[in-house]
Amino acid sequence: MNKYLLYPGCSLESSAKAYAESLNAILEPLDIQLEEIEDWNCCGATEYLGINLIPAYSLIARNLALAVKQMDGAHTLVAPCSACYLNLAKADHYMQERPALGTKVNEALAAGGLEYKPGTLDVRHLLDVLIYDVGLDAIKKKVTRPLSGLKVAPYMGCMLPRPDYKHRWSDHEHPTELEDLLRVLGADVIDYPLTTSCCGGHMTQIGPETAFELICRLVAGADERGAHLMATVCPMCQLNLDAYQGEMNGYFGTDYHMPILFFTQLMGLAFGKDPDELGIGTELVSSRQALMHIGVEVPAAPEPTARRKKEEGLPMPSRLLRNGHKHEKEAVR
Amino acid sequence: MPQMTDERVRAGLMREEDLSLLHEVSMKTAGVSRLEMCIQCGTCGGSCPAAADMDHTPRMLFAMLRAGMREEVLRSNTPWICVSCYHCVVRCPQEVHIADVMYTLKSMAIRAKLYQDSTAPHFSQTFVGMVETFGRGFELGLASRHYLRYFPLRLPGMAPMGFGMITKGRMPLAPRKIKHMTQLKAILKRAKHLELTS
């Protein structure tokens, strides 16, 4: 059994708990053991780096230092979230590239009785470990319910294949790893050139118009190519495309219904697991119809919609907001 | 190839306080920024998914840096619009660490209190405040504080989403706190001190 250290990241405890559940469900068939870093803290996402340099890197490095204490033969630290993965990899990389930064970060860590020697750990994303350590052949052997007939858009997002300090991926803009994996699961993978386009990151919070354009581009792209659903490898991408899809539809007056599932959920389904073991049903854009293509029945959940129909109700402030824009933006197709 | 800025400082050829704006930004950036190597080709702006909303493309901003236009650079919304997708970074023929330079410019703008877009810094600072208090992110607290202040009109349109997130158990109502918060606080306190004195 292969042992890895795990940095789950905050979203796996909240918005992406389906990712955590489905990951747990596939560990045993794949013969992997993940040991969670004790008392890990938030990686700072893309926010802390923009405020302070040394505190931001110290925040990240505390996790690396804690991981080293638990190494015991395991050298690889796995992060399922692309943003966490990048931050951890970035701290490790820059502490080496610029020794002055490494020294200062270690001075800060010393205040907490910790230290981290850059290069000690191998920081990797979950997809990387599954493809290059476990291997596609081993994964194929576990498939009991091939996803044939399910058209999937493989969406890798940006922070996984880029900037790619250690040259792990086949390409920075059109990597094929996720596609290869989905094919092994038997899925009908569509040609999706937007696979590493941006989901908008934190722009859903600070500049919604920018984010809606990016979300629309991705969802429309998958829809036009006939995808039943999109597979993602990152909680941030899942959140933006799933939870903000409704608001994006409202903004552009579109009517897209594109379910967004984690690739681990699709792996679980292909391994014959039950949907409720995999957190399926927690997505806001339901995957129920899409999964009927592979004969998977997901119990219908009450959709969280407003009772009153738009036409009958009072004018909603969201409409006022939309009309308030100086330039009505057209959906980017 | 000109010597890298921080190498020149390390070699004692120049003092940090004598550096021009370009060099100051380069020094404050994690890793070796390679900012001095920009050849103004514009590949960055052409690759950027959010360039249309930016005051200046990265290329233009770097030209302004070189020209010493401190205030204009720090007032630009460009670093705040950057989505950290690293498209420009992998395409840059000079391998400038563009996304990391944007992080540096954000922190400089906050320190100089020179930024036009007021929602982005507030979002970053609220996020950091949560992390410094709990050690973990807290989405509900962050979202509600940020939206109430800047996007109250967005809230009714977002209600079904928020309701869905909570009922599907995807947005805990209370934050999780790490065990050794005192340790994290001590580390961050020392780190902030080091940031100010270096």
# chains A, B, ... in the order shown; residues from 1 in each chain; ligands from 1
>>> closest_atom_pairs(of="chain B", to="chain A", cutoff="7 Å", atoms="only C-alpha atoms", output="Markdown table")
| residue | atom | partner | partner_atom | distance |
| --- | --- | --- | --- | --- |
| B:Ala30 | CA | A:Tyr94 | CA | 6.3 |
| B:Gly31 | CA | A:Tyr94 | CA | 4.8 |
| B:Val32 | CA | A:Arg98 | CA | 6.7 |
| B:Ala50 | CA | A:Thr210 | CA | 6.8 |
| B:Val83 | CA | A:Gly201 | CA | 5.8 |
| B:Cys85 | CA | A:Cys158 | CA | 5.1 |
| B:Tyr86 | CA | A:Arg162 | CA | 5.8 |
| B:Val89 | CA | A:Pro163 | CA | 6.8 |
| B:Val90 | CA | A:Pro163 | CA | 6.2 |
| B:Tyr103 | CA | A:Gly50 | CA | 4.3 |
| B:Thr104 | CA | A:Gly50 | CA | 6.3 |
| B:Lys106 | CA | A:Gly50 | CA | 5.2 |
| B:Ser107 | CA | A:Ile51 | CA | 4.4 |
| B:Thr119 | CA | A:Ile206 | CA | 5.9 |
| B:Ala120 | CA | A:Ile206 | CA | 5.4 |
| B:Ser124 | CA | A:Glu47 | CA | 4.9 |
| B:Phe127 | CA | A:Glu47 | CA | 6.9 |
| B:Val128 | CA | A:Tyr48 | CA | 6.0 |
| B:Val131 | CA | A:Cys42 | CA | 6.6 |
| B:Gly135 | CA | A:Asn41 | CA | 5.1 |
| B:Arg136 | CA | A:Cys42 | CA | 4.6 |
| B:Gly137 | CA | A:Cys10 | CA | 5.9 |
| B:Leu153 | CA | A:Pro317 | CA | 6.1 |
| B:Arg154 | CA | A:Ser318 | CA | 6.0 |
| B:Pro156 | CA | A:Ser318 | CA | 6.4 |
| B:Gly157 | CA | A:Ser318 | CA | 5.0 |
| B:Met158 | CA | A:Glu247 | CA | 6.8 |
| B:Pro160 | CA | A:Thr305 | CA | 5.8 |
| B:Met161 | CA | A:Ala243 | CA | 6.1 |
| B:Phe163 | CA | A:Pro304 | CA | 6.8 |
| B:Gly164 | CA | A:Pro304 | CA | 5.6 |
| B:Lys168 | CA | A:Thr282 | CA | 5.5 |
| B:Arg170 | CA | A:Ser15 | CA | 4.2 |
| B:Met171 | CA | A:Ser14 | CA | 5.4 |
| B:Pro172 | CA | A:Ser14 | CA | 6.2 |
| B:Ile178 | CA | A:Asp39 | CA | 5.8 |
| B:Lys179 | CA | A:Asp39 | CA | 6.2 |
| B:Gln183 | CA | A:Gly112 | CA | 4.9 |
| B:Leu184 | CA | A:Gly112 | CA | 6.8 |
| B:Ala186 | CA | A:Ala111 | CA | 5.8 |
| B:Ile187 | CA | A:Ala108 | CA | 5.1 |
| B:Leu188 | CA | A:Pro55 | CA | 5.5 |
| B:Arg190 | CA | A:Ala108 | CA | 5.1 |
| B:Ala191 | CA | A:Pro55 | CA | 4.8 |
| B:Lys192 | CA | A:Pro55 | CA | 5.8 |
| B:Glu195 | CA | A:Ile54 | CA | 5.9 |
>>> select_by_dssp(residues="stretch 174-286 of chain A", states="strand (DSSP E)", output="list in words")
Asp188, Val189, Leu229, Met230, Ala231, Thr232, Ile260, Leu261 and Phe262 of chain A
>>> closest_residue(among="A:Leu150, A:Arg124, A:Ile139, A:Arg183", to="A:Arg168", atoms="only C-alpha atoms")
A:Arg124
>>> closest_residue(among="A:Ala138, A:Cys216, A:Ala290, A:Cys81", to="A:Phe252", atoms="only C-alpha atoms")
A:Cys216
>>> closest_residue(among="A:Ile131, A:Leu147, A:Ala220, A:Asp31", to="A:Glu177", atoms="only C-alpha atoms")
A:Ile131
>>> select_by_dssp(residues="stretch 48-247 of chain A", states="helix (DSSP H, G or I)", output="short mmCIF file (atom, residue, chain, number, x, y, z; two decimals) with N, CA, C and O atoms, in the first residue's frame")
data_model
loop_
_atom_site.label_atom_id
_atom_site.label_comp_id
_atom_site.auth_asym_id
_atom_site.auth_seq_id
_atom_site.Cartn_x
_atom_site.Cartn_y
_atom_site.Cartn_z
N TYR A 48 -3.93 35.94 0.57
CA TYR A 48 -2.89 36.36 1.50
C TYR A 48 -1.66 36.86 0.76
O TYR A 48 -1.00 37.83 1.16
N LEU A 49 -1.33 36.22 -0.38
CA LEU A 49 -0.14 36.60 -1.14
C LEU A 49 -0.19 38.04 -1.61
O LEU A 49 0.83 38.66 -1.85
N GLY A 50 -1.40 38.56 -1.76
CA GLY A 50 -1.55 39.93 -2.24
C GLY A 50 -1.50 40.96 -1.13
O GLY A 50 -1.69 42.14 -1.38
N ILE A 54 6.11 37.79 3.45
CA ILE A 54 6.66 36.81 4.39
C ILE A 54 5.57 36.12 5.22
O ILE A 54 5.60 34.90 5.38
N PRO A 55 4.59 36.88 5.75
CA PRO A 55 3.51 36.18 6.46
C PRO A 55 2.77 35.17 5.57
O PRO A 55 2.44 34.07 6.03
N ALA A 56 2.55 35.52 4.30
CA ALA A 56 1.84 34.60 3.40
C ALA A 56 2.61 33.30 3.22
O ALA A 56 2.05 32.21 3.31
N TYR A 57 3.91 33.43 3.00
CA TYR A 57 4.71 32.22 2.80
C TYR A 57 4.91 31.46 4.10
O TYR A 57 5.05 30.24 4.09
N SER A 58 4.92 32.17 5.22
CA SER A 58 5.05 31.48 6.51
C SER A 58 3.79 30.67 6.82
O SER A 58 3.86 29.57 7.37
N LEU A 59 2.64 31.27 6.47
CA LEU A 59 1.36 30.58 6.66
C LEU A 59 1.36 29.26 5.89
O LEU A 59 0.98 28.21 6.42
N ILE A 60 1.82 29.32 4.64
CA ILE A 60 1.86 28.11 3.82
C ILE A 60 2.88 27.12 4.39
O ILE A 60 2.61 25.93 4.53
N ALA A 61 4.06 27.67 4.75
CA ALA A 61 5.17 26.81 5.16
C ALA A 61 4.90 26.09 6.48
O ALA A 61 5.49 25.03 6.73
N ARG A 62 4.02 26.64 7.31
CA ARG A 62 3.69 25.92 8.55
C ARG A 62 3.17 24.53 8.21
O ARG A 62 3.51 23.54 8.86
N ASN A 63 2.36 24.45 7.15
CA ASN A 63 1.82 23.15 6.74
C ASN A 63 2.92 22.21 6.27
O ASN A 63 2.90 21.02 6.55
N LEU A 64 3.88 22.76 5.53
CA LEU A 64 4.98 21.94 5.04
C LEU A 64 5.79 21.41 6.22
O LEU A 64 6.18 20.24 6.26
N ALA A 65 6.03 22.31 7.21
CA ALA A 65 6.81 21.91 8.38
C ALA A 65 6.09 20.83 9.18
O ALA A 65 6.71 19.86 9.64
N LEU A 66 4.78 20.97 9.31
CA LEU A 66 4.00 19.95 10.04
C LEU A 66 4.01 18.62 9.29
O LEU A 66 4.11 17.54 9.89
N ALA A 67 3.96 18.70 7.97
CA ALA A 67 3.95 17.48 7.15
C ALA A 67 5.25 16.71 7.33
O ALA A 67 5.24 15.48 7.42
N VAL A 68 6.36 17.44 7.40
CA VAL A 68 7.67 16.79 7.54
C VAL A 68 7.71 15.95 8.81
O VAL A 68 8.27 14.85 8.83
N LYS A 69 7.08 16.46 9.87
CA LYS A 69 7.06 15.71 11.14
C LYS A 69 6.38 14.36 11.00
O LYS A 69 6.62 13.46 11.78
N SER A 82 -6.55 22.59 -6.40
CA SER A 82 -5.50 23.16 -7.26
C SER A 82 -4.85 24.39 -6.63
O SER A 82 -3.65 24.59 -6.77
N ALA A 83 -5.65 25.22 -5.95
CA ALA A 83 -5.10 26.44 -5.36
C ALA A 83 -4.18 26.09 -4.19
O ALA A 83 -3.09 26.67 -4.04
N CYS A 84 -4.58 25.13 -3.35
CA CYS A 84 -3.73 24.69 -2.25
C CYS A 84 -2.46 24.07 -2.80
O CYS A 84 -1.35 24.34 -2.33
N TYR A 85 -2.62 23.23 -3.82
CA TYR A 85 -1.47 22.56 -4.43
C TYR A 85 -0.48 23.60 -4.91
O TYR A 85 0.72 23.52 -4.64
N LEU A 86 -0.99 24.61 -5.62
CA LEU A 86 -0.07 25.61 -6.17
C LEU A 86 0.63 26.38 -5.05
O LEU A 86 1.83 26.61 -5.11
N ASN A 87 -0.12 26.78 -4.03
CA ASN A 87 0.51 27.53 -2.94
C ASN A 87 1.59 26.72 -2.24
O ASN A 87 2.67 27.23 -1.95
N LEU A 88 1.30 25.47 -1.95
CA LEU A 88 2.29 24.62 -1.26
C LEU A 88 3.52 24.42 -2.15
O LEU A 88 4.66 24.53 -1.70
N ALA A 89 3.26 24.17 -3.45
CA ALA A 89 4.37 23.95 -4.38
C ALA A 89 5.18 25.23 -4.56
O ALA A 89 6.40 25.21 -4.65
N LYS A 90 4.46 26.34 -4.58
CA LYS A 90 5.09 27.63 -4.78
C LYS A 90 6.02 27.98 -3.61
O LYS A 90 7.15 28.43 -3.81
N ALA A 91 5.54 27.75 -2.40
CA ALA A 91 6.37 28.05 -1.22
C ALA A 91 7.63 27.20 -1.26
O ALA A 91 8.75 27.70 -1.07
N ASP A 92 7.47 25.92 -1.54
CA ASP A 92 8.62 25.01 -1.61
C ASP A 92 9.60 25.50 -2.68
O ASP A 92 10.81 25.55 -2.47
N HIS A 93 9.06 25.88 -3.83
CA HIS A 93 9.89 26.29 -4.97
C HIS A 93 10.62 27.61 -4.71
O HIS A 93 11.82 27.72 -4.91
N TYR A 94 9.89 28.62 -4.25
CA TYR A 94 10.50 29.94 -4.07
C TYR A 94 11.45 29.98 -2.88
O TYR A 94 12.39 30.76 -2.87
N MET A 95 11.19 29.17 -1.87
CA MET A 95 12.12 29.15 -0.73
C MET A 95 13.49 28.62 -1.20
O MET A 95 14.52 28.95 -0.63
N GLN A 96 13.45 27.81 -2.27
CA GLN A 96 14.71 27.32 -2.83
C GLN A 96 15.29 28.32 -3.81
O GLN A 96 16.48 28.60 -3.78
N GLU A 97 14.41 28.85 -4.69
CA GLU A 97 14.89 29.75 -5.73
C GLU A 97 15.47 31.03 -5.13
O GLU A 97 16.41 31.60 -5.66
N PRO A 99 16.91 32.01 -1.64
CA PRO A 99 17.25 31.58 -0.29
C PRO A 99 16.94 32.63 0.79
O PRO A 99 16.62 32.26 1.91
N ALA A 100 16.99 33.93 0.41
CA ALA A 100 16.68 34.97 1.40
C ALA A 100 15.25 34.80 1.91
O ALA A 100 14.99 34.99 3.11
N LEU A 101 14.35 34.44 1.02
CA LEU A 101 12.95 34.22 1.43
C LEU A 101 12.88 33.00 2.35
O LEU A 101 12.23 33.04 3.40
N GLY A 102 13.58 31.95 1.97
CA GLY A 102 13.59 30.74 2.77
C GLY A 102 14.09 30.99 4.19
O GLY A 102 13.51 30.50 5.16
N THR A 103 15.14 31.80 4.30
CA THR A 103 15.71 32.11 5.62
C THR A 103 14.69 32.85 6.48
O THR A 103 14.48 32.51 7.64
N LYS A 104 14.04 33.85 5.87
CA LYS A 104 13.08 34.64 6.65
C LYS A 104 11.88 33.80 7.06
O LYS A 104 11.38 33.91 8.18
N VAL A 105 11.39 32.98 6.15
CA VAL A 105 10.24 32.14 6.47
C VAL A 105 10.61 31.19 7.63
O VAL A 105 9.83 31.01 8.56
N ASN A 106 11.81 30.68 7.59
CA ASN A 106 12.23 29.79 8.66
C ASN A 106 12.42 30.52 9.99
O ASN A 106 12.17 29.96 11.06
N GLU A 107 12.83 31.80 9.90
CA GLU A 107 12.92 32.61 11.12
C GLU A 107 11.53 32.76 11.74
O GLU A 107 11.37 32.69 12.95
N ALA A 108 10.54 32.98 10.87
CA ALA A 108 9.16 33.12 11.37
C ALA A 108 8.67 31.79 11.94
O ALA A 108 8.07 31.75 13.03
N LEU A 109 8.93 30.70 11.22
CA LEU A 109 8.49 29.38 11.69
C LEU A 109 9.10 29.05 13.05
O LEU A 109 8.47 28.41 13.90
N ALA A 110 10.33 29.51 13.26
CA ALA A 110 11.02 29.23 14.52
C ALA A 110 10.25 29.78 15.72
O ALA A 110 10.31 29.22 16.82
N LEU A 126 -3.58 15.61 -6.48
CA LEU A 126 -4.18 14.28 -6.47
C LEU A 126 -4.21 13.63 -7.86
O LEU A 126 -3.88 12.45 -8.01
N LEU A 127 -4.61 14.40 -8.87
CA LEU A 127 -4.71 13.84 -10.23
C LEU A 127 -3.35 13.32 -10.71
O LEU A 127 -3.26 12.25 -11.31
N ASP A 128 -2.31 14.08 -10.39
CA ASP A 128 -0.94 13.70 -10.75
C ASP A 128 -0.58 12.34 -10.13
O ASP A 128 -0.06 11.44 -10.80
N VAL A 129 -0.89 12.20 -8.84
CA VAL A 129 -0.57 10.94 -8.14
C VAL A 129 -1.37 9.77 -8.73
O VAL A 129 -0.82 8.70 -8.96
N LEU A 130 -2.65 10.01 -9.00
CA LEU A 130 -3.48 8.92 -9.52
C LEU A 130 -3.00 8.48 -10.90
O LEU A 130 -2.97 7.29 -11.21
N ILE A 131 -2.61 9.44 -11.74
CA ILE A 131 -2.20 9.08 -13.10
C ILE A 131 -0.79 8.52 -13.14
O ILE A 131 -0.54 7.49 -13.78
N TYR A 132 0.14 9.19 -12.46
CA TYR A 132 1.54 8.80 -12.63
C TYR A 132 2.06 7.82 -11.58
O TYR A 132 3.09 7.20 -11.80
N ASP A 133 1.38 7.70 -10.42
CA ASP A 133 1.82 6.69 -9.45
C ASP A 133 0.95 5.44 -9.54
O ASP A 133 1.44 4.34 -9.74
N VAL A 134 -0.36 5.65 -9.38
CA VAL A 134 -1.28 4.51 -9.44
C VAL A 134 -1.30 3.95 -10.87
O VAL A 134 -1.20 2.74 -11.08
N LEU A 136 -2.88 4.43 -15.12
CA LEU A 136 -4.14 4.22 -15.81
C LEU A 136 -4.52 2.74 -15.90
O LEU A 136 -5.69 2.38 -15.83
N ASP A 137 -3.52 1.88 -16.03
CA ASP A 137 -3.81 0.44 -16.13
C ASP A 137 -4.47 -0.08 -14.86
O ASP A 137 -5.47 -0.81 -14.91
N ALA A 138 -3.90 0.32 -13.71
CA ALA A 138 -4.45 -0.12 -12.43
C ALA A 138 -5.86 0.43 -12.23
O ALA A 138 -6.74 -0.26 -11.69
N ILE A 139 -6.07 1.66 -12.68
CA ILE A 139 -7.40 2.26 -12.54
C ILE A 139 -8.40 1.49 -13.42
O ILE A 139 -9.50 1.17 -13.00
N LYS A 140 -7.96 1.18 -14.63
CA LYS A 140 -8.84 0.49 -15.58
C LYS A 140 -9.32 -0.84 -15.02
O LYS A 140 -10.48 -1.23 -15.20
N LYS A 141 -8.43 -1.53 -14.30
CA LYS A 141 -8.78 -2.84 -13.75
C LYS A 141 -9.92 -2.76 -12.73
O LYS A 141 -10.58 -3.77 -12.45
N GLU A 177 -4.03 14.67 -19.46
CA GLU A 177 -4.13 13.72 -18.36
C GLU A 177 -5.56 13.41 -17.92
O GLU A 177 -5.93 12.24 -17.76
N LEU A 178 -6.36 14.46 -17.70
CA LEU A 178 -7.72 14.23 -17.22
C LEU A 178 -8.54 13.47 -18.27
O LEU A 178 -9.30 12.55 -17.96
N GLU A 179 -8.35 13.89 -19.53
CA GLU A 179 -9.00 13.23 -20.65
C GLU A 179 -8.67 11.72 -20.66
O GLU A 179 -9.55 10.88 -20.80
N ASP A 180 -7.39 11.42 -20.53
CA ASP A 180 -6.94 10.02 -20.55
C ASP A 180 -7.62 9.23 -19.44
O ASP A 180 -8.08 8.11 -19.65
N LEU A 181 -7.68 9.85 -18.26
CA LEU A 181 -8.29 9.16 -17.12
C LEU A 181 -9.77 8.89 -17.38
O LEU A 181 -10.27 7.78 -17.16
N LEU A 182 -10.48 9.91 -17.87
CA LEU A 182 -11.92 9.74 -18.11
C LEU A 182 -12.18 8.68 -19.18
O LEU A 182 -13.14 7.92 -19.10
N ARG A 183 -11.29 8.61 -20.16
CA ARG A 183 -11.43 7.60 -21.21
C ARG A 183 -11.28 6.19 -20.63
O ARG A 183 -12.01 5.28 -21.01
N VAL A 184 -10.34 6.05 -19.71
CA VAL A 184 -10.12 4.76 -19.06
C VAL A 184 -11.38 4.33 -18.29
O VAL A 184 -11.69 3.15 -18.19
N MET A 203 -12.99 36.24 -8.72
CA MET A 203 -13.76 37.33 -9.33
C MET A 203 -15.27 37.18 -9.10
O MET A 203 -15.99 38.16 -9.20
N THR A 204 -15.75 35.97 -8.78
CA THR A 204 -17.17 35.85 -8.44
C THR A 204 -17.49 36.70 -7.21
O THR A 204 -18.62 37.13 -7.01
N GLN A 205 -16.47 36.94 -6.37
CA GLN A 205 -16.68 37.71 -5.16
C GLN A 205 -16.45 39.20 -5.38
O GLN A 205 -17.12 40.03 -4.78
N ILE A 206 -15.44 39.55 -6.19
CA ILE A 206 -15.08 40.96 -6.25
C ILE A 206 -15.43 41.66 -7.56
O ILE A 206 -15.53 42.86 -7.60
N PRO A 208 -18.11 40.43 -10.23
CA PRO A 208 -18.98 39.39 -10.78
C PRO A 208 -19.12 39.43 -12.30
O PRO A 208 -19.17 38.38 -12.93
N GLU A 209 -19.12 40.63 -12.89
CA GLU A 209 -19.32 40.68 -14.36
C GLU A 209 -18.20 39.95 -15.09
O GLU A 209 -18.44 39.22 -16.04
N THR A 210 -16.98 40.18 -14.62
CA THR A 210 -15.83 39.49 -15.22
C THR A 210 -15.99 37.98 -15.06
O THR A 210 -15.79 37.21 -16.00
N ALA A 211 -16.37 37.57 -13.83
CA ALA A 211 -16.50 36.14 -13.55
C ALA A 211 -17.59 35.51 -14.41
O ALA A 211 -17.40 34.42 -14.95
N PHE A 212 -18.74 36.18 -14.54
CA PHE A 212 -19.85 35.59 -15.28
C PHE A 212 -19.44 35.33 -16.73
O PHE A 212 -19.83 34.33 -17.33
N GLU A 213 -18.66 36.25 -17.31
CA GLU A 213 -18.21 36.04 -18.69
C GLU A 213 -17.35 34.79 -18.80
O GLU A 213 -17.49 34.01 -19.73
N LEU A 214 -16.44 34.62 -17.83
CA LEU A 214 -15.55 33.46 -17.88
C LEU A 214 -16.33 32.17 -17.65
O LEU A 214 -16.09 31.16 -18.31
N ILE A 215 -17.28 32.21 -16.72
CA ILE A 215 -18.09 31.02 -16.42
C ILE A 215 -18.93 30.66 -17.64
O ILE A 215 -19.02 29.50 -18.05
N CYS A 216 -19.53 31.68 -18.25
CA CYS A 216 -20.40 31.45 -19.41
C CYS A 216 -19.61 30.82 -20.56
O CYS A 216 -20.09 29.89 -21.22
N ARG A 217 -18.40 31.34 -20.78
CA ARG A 217 -17.56 30.81 -21.85
C ARG A 217 -17.34 29.31 -21.67
O ARG A 217 -17.46 28.52 -22.60
N LEU A 218 -17.07 28.90 -20.43
CA LEU A 218 -16.78 27.49 -20.16
C LEU A 218 -18.02 26.61 -20.28
O LEU A 218 -18.00 25.54 -20.90
N VAL A 219 -19.11 27.09 -19.67
CA VAL A 219 -20.34 26.30 -19.67
C VAL A 219 -20.92 26.21 -21.08
O VAL A 219 -21.29 25.12 -21.54
N ALA A 220 -20.94 27.36 -21.78
CA ALA A 220 -21.47 27.35 -23.15
C ALA A 220 -20.61 26.46 -24.05
O ALA A 220 -21.14 25.73 -24.89
N GLY A 221 -19.31 26.52 -23.84
CA GLY A 221 -18.40 25.70 -24.65
C GLY A 221 -18.67 24.22 -24.48
O GLY A 221 -18.67 23.47 -25.46
N ALA A 222 -18.92 23.80 -23.25
CA ALA A 222 -19.21 22.39 -22.99
C ALA A 222 -20.58 22.02 -23.56
O ALA A 222 -20.76 20.96 -24.15
N ASP A 223 -21.54 22.92 -23.38
CA ASP A 223 -22.91 22.68 -23.83
C ASP A 223 -22.96 22.53 -25.36
O ASP A 223 -23.58 21.60 -25.88
N GLU A 224 -22.27 23.45 -26.05
CA GLU A 224 -22.30 23.41 -27.52
C GLU A 224 -21.66 22.16 -28.09
O GLU A 224 -21.98 21.72 -29.18
N PRO A 235 -11.86 22.45 -6.21
CA PRO A 235 -13.04 22.96 -5.51
C PRO A 235 -13.47 24.36 -5.93
O PRO A 235 -14.64 24.67 -6.00
N MET A 236 -12.46 25.21 -6.25
CA MET A 236 -12.78 26.57 -6.66
C MET A 236 -13.52 26.56 -8.01
O MET A 236 -14.52 27.24 -8.18
N CYS A 237 -13.01 25.77 -8.95
CA CYS A 237 -13.66 25.65 -10.26
C CYS A 237 -15.07 25.11 -10.08
O CYS A 237 -16.02 25.58 -10.70
N GLN A 238 -15.21 24.08 -9.24
CA GLN A 238 -16.52 23.47 -9.04
C GLN A 238 -17.49 24.50 -8.47
O GLN A 238 -18.61 24.63 -8.93
N LEU A 239 -17.02 25.23 -7.47
CA LEU A 239 -17.89 26.23 -6.82
C LEU A 239 -18.33 27.30 -7.82
O LEU A 239 -19.51 27.62 -7.92
N ASN A 240 -17.38 27.84 -8.55
CA ASN A 240 -17.72 28.92 -9.49
C ASN A 240 -18.68 28.44 -10.58
O ASN A 240 -19.66 29.11 -10.88
N LEU A 241 -18.40 27.29 -11.17
CA LEU A 241 -19.21 26.82 -12.29
C LEU A 241 -20.56 26.28 -11.84
O LEU A 241 -21.55 26.40 -12.56
N ASP A 242 -20.61 25.69 -10.66
CA ASP A 242 -21.85 25.08 -10.17
C ASP A 242 -22.71 26.10 -9.43
O ASP A 242 -23.84 26.39 -9.83
N ALA A 243 -22.16 26.68 -8.38
CA ALA A 243 -22.97 27.53 -7.52
C ALA A 243 -23.33 28.87 -8.18
O ALA A 243 -24.35 29.46 -7.86
N GLN A 245 -23.65 29.27 -11.50
CA GLN A 245 -24.23 29.07 -12.83
C GLN A 245 -25.61 29.73 -12.94
O GLN A 245 -25.94 30.34 -13.95
N GLY A 246 -26.37 29.62 -11.86
CA GLY A 246 -27.71 30.21 -11.84
C GLY A 246 -27.65 31.73 -11.97
O GLY A 246 -28.37 32.33 -12.77
N GLU A 247 -26.77 32.34 -11.20
CA GLU A 247 -26.65 33.80 -11.25
C GLU A 247 -26.12 34.25 -12.62
O GLU A 247 -26.52 35.28 -13.15
#
>>> atom_distance(atom1="atom CA of A:Leu5", atom2="atom CA of B:His180")
19.5 Å
>>> residues_around(residues="B:Ala174", least_positions_apart="4", cutoff="9 Å", atoms="only C-alpha atoms", output="VMD selection string")
chain B and resid 138 140 to 141
>>> residues_around(residues="B:Ser33", least_positions_apart="4", cutoff="6 Å", atoms="only C-alpha atoms", output="list in words")
Ser26, Val96 and His97 of chain B
>>> closest_residue(among="B:Ile166, B:Arg75, B:Gly129, B:Val101", to="B:Lys28", atoms="only C-alpha atoms")
B:Val101
>>> atom_distance(atom1="atom CA of A:Tyr155", atom2="atom CA of B:Trp80")
24.8 Å
>>> atom_distance(atom1="atom CA of B:Thr43", atom2="atom CA of B:Ala63")
13.8 Å
>>> residues_around(residues="A:Leu77", least_positions_apart="5", cutoff="7 Å", atoms="only C-alpha atoms", output="JSON, numbers by chain")
{"A": [4, 5, 6, 7, 121, 122, 123, 124]}
>>> decode(residues="stretch 116-127 of chain B", atoms="C-alpha atoms", output="short mmCIF file (atom, residue, chain, number, x, y, z; two decimals), in the first residue's frame")
data_model
loop_
_atom_site.label_atom_id
_atom_site.label_comp_id
_atom_site.auth_asym_id
_atom_site.auth_seq_id
_atom_site.Cartn_x
_atom_site.Cartn_y
_atom_site.Cartn_z
CA GLN B 116 -9.14 52.52 -6.95
CA ASP B 117 -11.07 49.31 -6.75
CA SER B 118 -12.17 49.16 -3.17
CA THR B 119 -13.95 45.80 -3.08
CA ALA B 120 -10.97 43.58 -3.91
CA PRO B 121 -8.67 44.76 -1.10
CA HIS B 122 -11.56 44.48 1.35
CA PHE B 123 -12.21 40.92 0.21
CA SER B 124 -8.55 39.96 0.58
CA GLN B 125 -8.29 41.60 3.98
CA THR B 126 -11.50 40.03 5.27
CA PHE B 127 -10.28 36.63 4.09
#
